[in-house]
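A.B. asks: After the structure tokens below, expect a handful of questions from me.
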Amino acid sequence: MAKIKILVVEDESIVAKDIKNTLKKLDYDVPATINSGEKALEEVVENKPDLVLMDIMLKGKMTGIECAEIIKEKYRIPVIFLTAYADDNTLEKAKITEPYGYIIKPFKEKELQTTIEMTLYKYEKDQELRKERDLYSSIIENKESKDSIFVRADYRLNKINFTDIYFVEALKDYVVINTSDNSYTTHTTMKEMVRILPKKDFVRIHRSYIVNINKIYSIKYPDLVIEDKMKVLPIGGLYRKELYSRLNMI
């Protein structure tokens with residue numbers, strides 16, 4: 001198994017050498033020690049490290065914080081800050097880049113190892129979550145050619161056929177998708193659900209409800225009843241006209 005590759009960005013040569021020796025002792029690979037943000041970006045492209053240990057105060061025009069932000073956005077490589085400065089102002093600036101760790105110098109070997117291992121573990125989980133979100137987004141973007149959707153709930157993706165959805169209910173920052181035999185709570189908005197669901201089959205009847213037109217049992221304004229579940233839902237005045245225009249009435 002290949003060793004974890006760690007890039008050290010530290011402008012004090014003695015400190016950089018000490019960190020490198022410590023990392024090698026812990027069985028990590030250190031391809032280089034760099035003393036500026038500009039050189040660090042070049043090294044990231046060339047060596048593609050698994051993790052970057054970044055000093056906040058560096059030689060050159062670029063600070064460690066600025067360098068870390070570019071590494072995060074462009075290369076998606078986790079960064080741990082190393083610094084002798086622990087004042088509130090520095091911490092606030094560093095937090096903006098959302099680093100995976102923040103170690104105050106001087107630090108102990110065990111502290112360094114623990115922070116690195118926790119970072120690698122969290123980064124792996126973040127990547128898995130990103131893949132799930134990318135899959136979810138891909139499914140949404142291609143929904144026109146599909147008859148179902150995958151909803152991320154309870155830490156997994158659940159397939160739901162559009163025909164099985166009875167109604168959708170808003171719940172603060174979440175929505176609840178109700179089917180014949182289950183309900184799925186997921187973190188999204190009603191506006192997004194209107195965009196996702198097939199317009200020919202679904203209509204919004206209230207700021208808190210979207211219904212499957214094919215599942216409506218009866219309507220007596222200001223309420224309607226959902227078949228099978230016999231669930232009574234309110235009809236908002238602003239949505240009444242749109243609802244009635246979608247019904248086949250005689």
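Chain labels run A, B, ... following the order of the structure tokens; each chain numbers its residues from 1, and ligands are numbered from 1 in the order shown.
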Show me, as a list in words, the residues that have an atom within 7 Å of Tyr209 in chain A when counting only C-alpha atoms, minus same-chain residues fewer than 5 positions from it.
C.D. replies: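 After dropping sequence-adjacent residues, the list is Phe167, Val168, Glu169, Ala170 and Arg204 of chain A.
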A.B. asks: Excluding same-chain residues fewer than 2 positions from range 88-93 of chain A, what lies within 12 Å of it counting only C-alpha atoms, as number ranges by chain?
C.D. replies: A: 55-57, 63-66, 68-69, 81-86, 95-99, 101-104
A.B. asks: Would you pick out the contacts of Tyr174 in chain A at 9 Å or less, using only C-alpha atoms, so that residues sharing its chain but fewer than 5 positions from it are not included, and give the list as a list of chain:residue names?
C.D. replies: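 In the requested form, the answer reads A:Glu169, A:Thr185, A:Thr186, A:His187, A:Thr188, A:Thr189, A:Met190.
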A.B. asks: As a ChimeraX atom specification, list the residues of range 170-224 of chain A assigned to strand (DSSP E or B) by DSSP on the backbone atoms of this structure.
C.D. replies: /A:170-171,174-179,183-186,202-206,209-212,216-220,223-224
A.B. asks: Need the shell around Val8 in chain A: protein/DNA/RNA residues with any atom at most 12 Å away, counting only C-alpha atoms. Skip same-chain ones fewer than 5 positions apart. Format as a compact mmCIF listing (two decimals) with C-alpha atoms, in the first residue's frame?
C.D. replies:
```
# COMPACT_ATOMS: atom_id res chain seq x y z
CA SER A 13 13.98 25.79 7.39
CA VAL A 15 11.15 23.84 11.67
CA ALA A 16 10.41 22.41 8.20
CA LYS A 17 13.23 19.88 8.54
CA ASP A 18 12.01 18.86 11.99
CA ILE A 19 8.44 18.36 10.71
CA LYS A 20 9.72 16.34 7.75
CA ASN A 21 11.75 14.04 10.02
CA THR A 22 8.76 13.57 12.33
CA LEU A 23 6.47 12.69 9.45
CA LYS A 24 8.96 10.18 8.03
CA TYR A 28 4.42 9.24 5.89
CA ASP A 29 5.99 10.22 2.57
CA VAL A 30 7.21 13.85 2.33
CA PRO A 31 7.92 14.73 -1.31
CA ALA A 32 9.09 18.25 -0.47
CA THR A 33 9.21 21.09 2.04
CA ILE A 34 8.24 24.45 0.53
CA ASN A 35 8.73 27.95 1.94
CA SER A 36 6.17 30.00 -0.03
CA GLY A 37 2.57 29.82 -1.19
CA LYS A 39 5.90 27.36 -4.79
CA ALA A 40 3.38 25.30 -2.84
CA LEU A 41 0.82 25.63 -5.64
CA GLU A 43 4.28 21.49 -5.99
CA VAL A 44 0.62 20.54 -5.57
CA PRO A 49 -0.09 15.22 -2.29
CA ASP A 50 -2.79 13.57 -0.18
CA LEU A 51 -2.59 16.31 2.43
CA VAL A 52 -0.89 19.69 2.98
CA LEU A 53 0.57 20.97 6.26
CA MET A 54 0.45 24.74 5.83
CA ASP A 55 2.12 27.43 7.90
CA ILE A 56 -0.07 30.54 8.01
CA LEU A 58 4.90 32.49 4.71
CA GLY A 64 -0.80 30.40 3.99
CA VAL A 79 -5.15 21.35 4.49
CA ILE A 80 -4.02 21.45 8.11
CA PHE A 81 -2.72 24.79 9.38
CA LEU A 82 0.50 24.97 11.39
```
A.B. asks: Give me, as a compact mmCIF listing (two decimals) with N, CA and C atoms, in the first residue's frame, the residues of range 44-218 of chain A that a backbone DSSP run labels alpha helix (DSSP H).
C.D. replies:
```
# COMPACT_ATOMS: atom_id res chain seq x y z
N VAL A 44 1.90 21.26 -5.62
CA VAL A 44 0.62 20.54 -5.57
C VAL A 44 0.29 19.96 -6.94
N VAL A 45 0.51 20.76 -7.98
CA VAL A 45 0.24 20.31 -9.35
C VAL A 45 1.19 19.18 -9.74
N GLU A 46 2.45 19.32 -9.36
CA GLU A 46 3.46 18.35 -9.78
C GLU A 46 3.39 17.04 -9.02
N ASN A 47 3.21 17.11 -7.70
CA ASN A 47 3.29 15.89 -6.87
C ASN A 47 1.95 15.35 -6.39
N GLY A 64 -0.38 31.79 3.96
CA GLY A 64 -0.80 30.40 3.99
C GLY A 64 -2.30 30.26 3.85
N ILE A 65 -3.04 31.23 4.38
CA ILE A 65 -4.50 31.20 4.30
C ILE A 65 -4.95 31.34 2.85
N GLU A 66 -4.34 32.28 2.12
CA GLU A 66 -4.69 32.48 0.72
C GLU A 66 -4.34 31.25 -0.12
N CYS A 67 -3.19 30.67 0.16
CA CYS A 67 -2.75 29.47 -0.56
C CYS A 67 -3.70 28.30 -0.28
N ALA A 68 -4.09 28.14 0.98
CA ALA A 68 -4.99 27.05 1.36
C ALA A 68 -6.35 27.17 0.68
N GLU A 69 -6.81 28.39 0.52
CA GLU A 69 -8.10 28.61 -0.13
C GLU A 69 -8.07 28.15 -1.59
N ILE A 70 -6.95 28.44 -2.28
CA ILE A 70 -6.80 28.02 -3.68
C ILE A 70 -6.71 26.50 -3.77
N ASP A 88 -7.38 35.66 17.99
CA ASP A 88 -8.72 35.54 17.43
C ASP A 88 -8.80 35.98 15.98
N ASN A 89 -8.08 37.05 15.64
CA ASN A 89 -8.13 37.57 14.27
C ASN A 89 -7.60 36.54 13.27
N THR A 90 -6.47 35.89 13.63
CA THR A 90 -5.88 34.87 12.76
C THR A 90 -6.81 33.67 12.62
N LEU A 91 -7.41 33.27 13.73
CA LEU A 91 -8.32 32.13 13.71
C LEU A 91 -9.54 32.40 12.82
N GLU A 92 -10.08 33.63 12.91
CA GLU A 92 -11.24 33.98 12.10
C GLU A 92 -10.91 33.93 10.61
N LYS A 93 -9.74 34.44 10.24
CA LYS A 93 -9.33 34.41 8.83
C LYS A 93 -9.11 32.97 8.36
N ALA A 94 -8.52 32.16 9.23
CA ALA A 94 -8.23 30.76 8.87
C ALA A 94 -9.52 29.96 8.71
N LYS A 95 -10.52 30.24 9.52
CA LYS A 95 -11.77 29.48 9.48
C LYS A 95 -12.49 29.60 8.15
N GLU A 109 4.47 15.11 18.76
CA GLU A 109 4.39 14.14 17.67
C GLU A 109 3.02 13.46 17.62
N LYS A 110 2.51 13.08 18.78
CA LYS A 110 1.22 12.38 18.84
C LYS A 110 0.09 13.29 18.38
N GLU A 111 0.18 14.56 18.75
CA GLU A 111 -0.85 15.52 18.35
C GLU A 111 -0.87 15.66 16.82
N LEU A 112 0.30 15.71 16.22
CA LEU A 112 0.41 15.82 14.78
C LEU A 112 -0.17 14.59 14.09
N GLN A 113 0.21 13.42 14.57
CA GLN A 113 -0.27 12.17 13.98
C GLN A 113 -1.79 12.04 14.10
N THR A 114 -2.32 12.35 15.27
CA THR A 114 -3.76 12.24 15.49
C THR A 114 -4.53 13.18 14.57
N THR A 115 -4.05 14.40 14.44
CA THR A 115 -4.72 15.38 13.57
C THR A 115 -4.69 14.94 12.12
N ILE A 116 -3.57 14.40 11.68
CA ILE A 116 -3.44 13.92 10.30
C ILE A 116 -4.39 12.76 10.04
N GLU A 117 -4.42 11.79 10.94
CA GLU A 117 -5.28 10.62 10.74
C GLU A 117 -6.76 10.98 10.77
N MET A 118 -7.13 11.89 11.66
CA MET A 118 -8.52 12.34 11.72
C MET A 118 -8.90 13.10 10.46
N THR A 119 -7.97 13.89 9.95
CA THR A 119 -8.20 14.64 8.71
C THR A 119 -8.40 13.70 7.53
N LEU A 120 -7.54 12.71 7.40
CA LEU A 120 -7.64 11.75 6.30
C LEU A 120 -8.95 10.98 6.35
N TYR A 121 -9.38 10.63 7.55
CA TYR A 121 -10.64 9.91 7.72
C TYR A 121 -11.83 10.79 7.33
N LYS A 122 -11.83 12.03 7.83
CA LYS A 122 -12.93 12.96 7.53
C LYS A 122 -12.95 13.29 6.04
N TYR A 123 -11.78 13.44 5.44
CA TYR A 123 -11.71 13.77 4.02
C TYR A 123 -12.30 12.62 3.18
N GLU A 124 -11.99 11.40 3.56
CA GLU A 124 -12.52 10.24 2.86
C GLU A 124 -14.05 10.22 2.92
N LYS A 125 -14.59 10.50 4.10
CA LYS A 125 -16.05 10.52 4.26
C LYS A 125 -16.66 11.67 3.47
N ASP A 126 -15.99 12.82 3.45
CA ASP A 126 -16.48 13.96 2.68
C ASP A 126 -16.52 13.65 1.19
N GLN A 127 -15.53 12.90 0.71
CA GLN A 127 -15.49 12.53 -0.69
C GLN A 127 -16.64 11.58 -1.04
N GLU A 128 -16.94 10.66 -0.12
CA GLU A 128 -18.05 9.75 -0.34
C GLU A 128 -19.37 10.52 -0.41
N LEU A 129 -19.50 11.50 0.47
CA LEU A 129 -20.71 12.33 0.49
C LEU A 129 -20.81 13.15 -0.79
N ARG A 130 -19.67 13.68 -1.26
CA ARG A 130 -19.66 14.46 -2.49
C ARG A 130 -20.12 13.61 -3.69
N LYS A 131 -19.65 12.36 -3.73
CA LYS A 131 -20.04 11.47 -4.81
C LYS A 131 -21.55 11.22 -4.79
N GLU A 132 -22.10 11.06 -3.59
CA GLU A 132 -23.53 10.84 -3.46
C GLU A 132 -24.30 12.06 -3.96
N ARG A 133 -23.80 13.24 -3.58
CA ARG A 133 -24.48 14.49 -4.00
C ARG A 133 -24.39 14.67 -5.51
N ASP A 134 -23.22 14.32 -6.07
CA ASP A 134 -23.05 14.44 -7.52
C ASP A 134 -24.01 13.50 -8.25
N LEU A 135 -24.15 12.29 -7.68
CA LEU A 135 -25.08 11.32 -8.27
C LEU A 135 -26.51 11.84 -8.19
N TYR A 136 -26.85 12.39 -7.03
CA TYR A 136 -28.19 12.94 -6.81
C TYR A 136 -28.48 14.07 -7.79
N SER A 137 -27.50 14.96 -7.96
CA SER A 137 -27.66 16.09 -8.89
C SER A 137 -27.81 15.61 -10.32
N SER A 138 -27.02 14.59 -10.66
CA SER A 138 -27.08 14.04 -12.02
C SER A 138 -28.45 13.45 -12.30
N ILE A 139 -29.00 12.76 -11.30
CA ILE A 139 -30.32 12.16 -11.46
C ILE A 139 -31.37 13.24 -11.65
N ILE A 140 -31.26 14.32 -10.87
CA ILE A 140 -32.21 15.41 -10.96
C ILE A 140 -32.15 16.07 -12.34
N GLU A 141 -30.93 16.34 -12.80
CA GLU A 141 -30.75 17.03 -14.07
C GLU A 141 -31.26 16.20 -15.25
N MET A 190 -39.34 23.30 -1.12
CA MET A 190 -40.52 23.06 -1.94
C MET A 190 -40.30 23.58 -3.35
N LYS A 191 -39.58 24.66 -3.48
CA LYS A 191 -39.27 25.22 -4.80
C LYS A 191 -38.50 24.20 -5.63
N GLU A 192 -37.54 23.52 -4.99
CA GLU A 192 -36.75 22.51 -5.69
C GLU A 192 -37.62 21.30 -6.05
N MET A 193 -38.54 20.94 -5.17
CA MET A 193 -39.43 19.81 -5.45
C MET A 193 -40.35 20.11 -6.64
N VAL A 194 -40.82 21.35 -6.74
CA VAL A 194 -41.65 21.75 -7.88
C VAL A 194 -40.86 21.58 -9.17
N ARG A 195 -39.58 21.91 -9.12
CA ARG A 195 -38.73 21.79 -10.29
C ARG A 195 -38.47 20.33 -10.66
N ILE A 196 -38.33 19.48 -9.65
CA ILE A 196 -37.98 18.08 -9.87
C ILE A 196 -39.16 17.24 -10.35
```
A.B. asks: In terms of the shortest atom-to-atom distance over only C-alpha atoms, which of A:Glu73, A:Tyr184, A:Val211, A:Pro198 is closest to Leu157 in chain A?
C.D. replies: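 Of A:Glu73, A:Tyr184, A:Val211, A:Pro198, the one nearest Leu157 in chain A is A:Tyr184, counting only C-alpha atoms.
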A.B. asks: Between A:Lys229, A:Arg76, A:Lys200, A:Arg246, which residue has the minimum interatomic distance to Lys48 in chain A, considering only C-alpha atoms?
C.D. replies: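 Result for the nearest residue to Lys48 in chain A: A:Arg76.
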A.B. asks: How far is it from CA of Leu243 in chain A to CA of Asn158 in chain A, in Å with one decimal?
C.D. replies: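 Answer for the CA of Leu243 in chain A to CA of Asn158 in chain A separation: 28.9 Å.
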A.B. asks: Got a sec: who's within 12 Å of Asn248 in chain A, counting only C-alpha atoms, leaving out chain neighbours fewer than 3 positions off, as a compact mmCIF listing (two decimals) with N, CA and C atoms, in the first residue's frame?
C.D. replies:
```txt
# COMPACT_ATOMS: atom_id res chain seq x y z
N ILE A 213 -51.75 14.75 -8.72
CA ILE A 213 -53.12 14.94 -9.19
C ILE A 213 -53.87 13.61 -9.30
N ASN A 214 -53.15 12.56 -9.65
CA ASN A 214 -53.77 11.24 -9.82
C ASN A 214 -54.16 10.59 -8.50
N ILE A 216 -55.69 12.39 -5.98
CA ILE A 216 -56.74 13.18 -5.33
C ILE A 216 -58.04 12.39 -5.33
N LEU A 243 -54.81 24.79 -9.37
CA LEU A 243 -55.30 23.43 -9.11
C LEU A 243 -56.49 23.10 -10.01
N TYR A 244 -57.50 23.98 -10.03
CA TYR A 244 -58.72 23.71 -10.80
C TYR A 244 -58.44 23.65 -12.29
N SER A 245 -57.47 24.44 -12.75
CA SER A 245 -57.14 24.44 -14.17
C SER A 245 -56.50 23.14 -14.61
```
